[in-house]
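Heads up: the structure comes next, in structure tokens.
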Amino acid sequence: QVQLVESGGGLVQPGGSLRVSCAASTLTFSQNVMAWYRQVPGKEREMIATIGPLPSANIWYATSVKGRFTISRDNVKNELYLQMNSLNPEDTAVYYCNRRPNYPSWGQGTLVTVSS
């Protein structure tokens, strides 16, 4: 069973930056489209960015994060990253990674709180 471990969340002030990471325990990581999602309590999980198997290729962003967030990957380390800049309180959420299509199990996520 693939394990996804997100890390790097924390408390940041509005306008600040943060980078979250995802480590995937799979030998096929470099073959997979990967994605970042976020979820606010009481709301559905929202997909915010995707990246194709090759680094810097076939990248998509949700309108809500486009121009502020950057998705990237390291296929040697089997890691996925999300650089988040110009954060605002509406970005407060638990951030998750997964493959597209999704693996059945999700990681625990990493909480990002944007507050002064």
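Ordering of the structure tokens sets the chain letters (A, B, ...); residue numbers start at 1 within each chain; ligands are numbered from 1 in the order shown.
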Within 9 Å of segment 14-25 of chain A: each segment 44-82 of chain A residue with its shortest pair, only C-alpha atoms, as CSV:
```
residue,atom,partner,partner_atom,distance
A:Lys77,CA,A:Ala23,CA,8.0
A:Asn78,CA,A:Ala24,CA,5.7
A:Glu79,CA,A:Ala23,CA,4.6
A:Leu80,CA,A:Cys22,CA,4.9
A:Tyr81,CA,A:Ser21,CA,4.5
A:Leu82,CA,A:Val20,CA,5.3
```
Enumerate the residues of chain A with a DSSP assignment of helix (DSSP H, G or I), computed from the backbone, and present them as a compact mmCIF listing (two decimals) with C-alpha atoms, in the first residue's frame.
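Output (out.txt):
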```txt
# COMPACT_ATOMS: atom_id res chain seq x y z
CA PHE A 29 6.26 7.87 -8.49
CA SER A 30 8.07 9.16 -11.58
CA GLN A 31 5.35 7.69 -13.82
CA PRO A 89 -6.50 33.63 5.48
CA GLU A 90 -8.62 31.88 2.82
CA ASP A 91 -5.66 29.53 2.21
```
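Distances to Ile71 of chain A were evaluated for A:Ser115, A:Leu54, A:Val94, A:Ala35 using only C-alpha atoms, and the minimum falls at A:Ala35.
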Among listed residues A:Thr26, A:Ser86, A:Gln3, A:Thr92, nearest Val114 of chain A (using only C-alpha atoms):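 Closest candidate: A:Thr92.
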All residues 9 Å or closer to Ile59 of chain A, only C-alpha atoms, same chain fewer than 4 positions away omitted, as a list in words: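 Close residues of Ile59 of chain A: Ala49, Thr50, Ile51, Gly52, Ile71 and Ser72 of chain A.
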Selection above as a file: all heavy atoms, as a short mmCIF file (atom, residue, chain, number, x, y, z; two decimals), in the first residue's frame:
```cif
data_model
loop_
_atom_site.label_atom_id
_atom_site.label_comp_id
_atom_site.auth_asym_id
_atom_site.auth_seq_id
_atom_site.Cartn_x
_atom_site.Cartn_y
_atom_site.Cartn_z
N ALA A 49 -3.70 21.95 -7.57
CA ALA A 49 -2.58 21.94 -8.51
C ALA A 49 -2.25 20.52 -8.92
O ALA A 49 -2.38 19.60 -8.13
CB ALA A 49 -1.35 22.60 -7.90
N THR A 50 -1.86 20.35 -10.19
CA THR A 50 -1.41 19.05 -10.67
C THR A 50 -0.12 19.23 -11.47
O THR A 50 0.15 20.31 -12.01
CB THR A 50 -2.46 18.37 -11.56
OG1 THR A 50 -2.64 19.15 -12.75
CG2 THR A 50 -3.78 18.22 -10.86
N ILE A 51 0.64 18.15 -11.55
CA ILE A 51 1.88 18.15 -12.33
C ILE A 51 2.04 16.80 -13.00
O ILE A 51 1.79 15.75 -12.39
CB ILE A 51 3.09 18.49 -11.44
CG1 ILE A 51 4.37 18.61 -12.27
CG2 ILE A 51 3.26 17.48 -10.31
CD1 ILE A 51 5.55 19.21 -11.49
N GLY A 52 2.44 16.81 -14.26
CA GLY A 52 2.65 15.58 -15.00
C GLY A 52 3.86 14.83 -14.49
O GLY A 52 4.56 15.28 -13.59
N ILE A 71 3.79 24.30 -7.98
CA ILE A 71 3.95 22.87 -7.73
C ILE A 71 5.22 22.38 -8.41
O ILE A 71 5.57 22.84 -9.50
CB ILE A 71 2.72 22.08 -8.24
CG1 ILE A 71 2.78 20.61 -7.81
CG2 ILE A 71 2.54 22.21 -9.75
CD1 ILE A 71 1.48 19.84 -8.11
N SER A 72 5.92 21.48 -7.77
CA SER A 72 7.13 20.90 -8.36
C SER A 72 7.33 19.50 -7.79
O SER A 72 6.65 19.10 -6.85
CB SER A 72 8.35 21.78 -8.08
OG SER A 72 8.59 21.88 -6.69
#
```
Interatomic distance (Å, one decimal) between atom CA of Gln83 of chain A and atom CA of Arg68 of chain A: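 The value is 8.3 Å.
When atom CA of Pro55 of chain A is paired with atom CA of Arg38 of chain A, their separation reads 21.4 Å.
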Residues within 10 Å of Met47 of chain A, only C-alpha atoms, excluding chain neighbours under 3 positions, as a PyMOL selection string: chain A and resi 35-39+44+50+61-62+95-98
All strand (DSSP E or B) positions in segment 1-101 of chain A, as an NGL selection string: :A and (4-7 or 10-12 or 18-24 or 33-39 or 46-51 or 60-61 or 69-74 or 79-84 or 93-100)
Save the residues we just selected, C-alpha atoms, as a tab-separated table (two decimals), in the first residue's frame?
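Written file, part-v5.tsv:
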```
chain	number	residue	atom	x	y	z
A	4	LEU	CA	1.80	9.53	1.39
A	5	VAL	CA	3.35	11.72	4.09
A	6	GLU	CA	2.76	15.45	3.95
A	7	SER	CA	4.86	17.89	5.97
A	10	GLY	CA	2.45	25.69	10.12
A	11	LEU	CA	1.31	29.15	11.12
A	12	VAL	CA	2.18	31.99	8.77
A	18	LEU	CA	5.46	28.44	3.09
A	19	ARG	CA	6.56	25.28	1.31
A	20	VAL	CA	4.84	21.97	1.98
A	21	SER	CA	6.23	18.62	0.93
A	22	CYS	CA	4.89	15.15	0.23
A	23	ALA	CA	6.93	11.96	0.38
A	24	ALA	CA	5.51	9.01	-1.53
A	33	VAL	CA	0.52	12.56	-12.41
A	34	MET	CA	0.51	14.05	-8.90
A	35	ALA	CA	-1.73	16.63	-7.31
A	36	TRP	CA	-2.13	18.84	-4.27
A	37	TYR	CA	-5.49	19.16	-2.57
A	38	ARG	CA	-6.73	21.14	0.38
A	39	GLN	CA	-9.69	20.82	2.70
A	46	GLU	CA	-10.46	20.82	-3.37
A	47	MET	CA	-7.82	20.02	-5.99
A	48	ILE	CA	-5.54	23.03	-6.38
A	49	ALA	CA	-2.58	21.94	-8.51
A	50	THR	CA	-1.41	19.05	-10.67
A	51	ILE	CA	1.88	18.15	-12.33
A	60	TRP	CA	-2.36	23.07	-13.85
A	61	TYR	CA	-3.53	25.40	-11.08
A	69	PHE	CA	1.48	28.75	-5.69
A	70	THR	CA	4.06	26.65	-7.52
A	71	ILE	CA	3.95	22.87	-7.73
A	72	SER	CA	7.13	20.90	-8.36
A	73	ARG	CA	8.50	17.41	-7.93
A	74	ASP	CA	11.74	15.50	-7.45
A	79	GLU	CA	8.80	13.94	-3.35
A	80	LEU	CA	6.18	16.49	-4.35
A	81	TYR	CA	6.30	20.14	-3.29
A	82	LEU	CA	4.02	23.14	-3.13
A	83	GLN	CA	5.58	26.58	-2.73
A	84	MET	CA	2.92	28.96	-1.47
A	93	ALA	CA	-6.68	24.38	5.27
A	94	VAL	CA	-5.24	20.91	5.59
A	95	TYR	CA	-3.12	20.20	2.53
A	96	TYR	CA	-2.90	16.72	1.01
A	97	CYS	CA	-1.11	15.13	-1.93
A	98	ASN	CA	-2.23	12.20	-4.02
A	99	ARG	CA	-1.89	10.68	-7.43
A	100	ARG	CA	-4.27	11.35	-10.30
```
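A straight line drawn from atom CA of Arg45 of chain A to atom CA of Lys66 of chain A is 17.6 Å long.
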Residue nearest Asn58 of chain A among A:Asn32, A:Gly42, A:Val76, A:Val112 (counting only C-alpha atoms):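 The shortest atom-to-atom distance to Asn58 of chain A comes from A:Asn32.
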Nearest to Leu111 of chain A by atom-to-atom distance, counting only C-alpha atoms, from A:Ser56, A:Gln13, A:Val40, A:Gln1: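 Among A:Ser56, A:Gln13, A:Val40, A:Gln1, it is A:Val40 that comes nearest to Leu111 of chain A.
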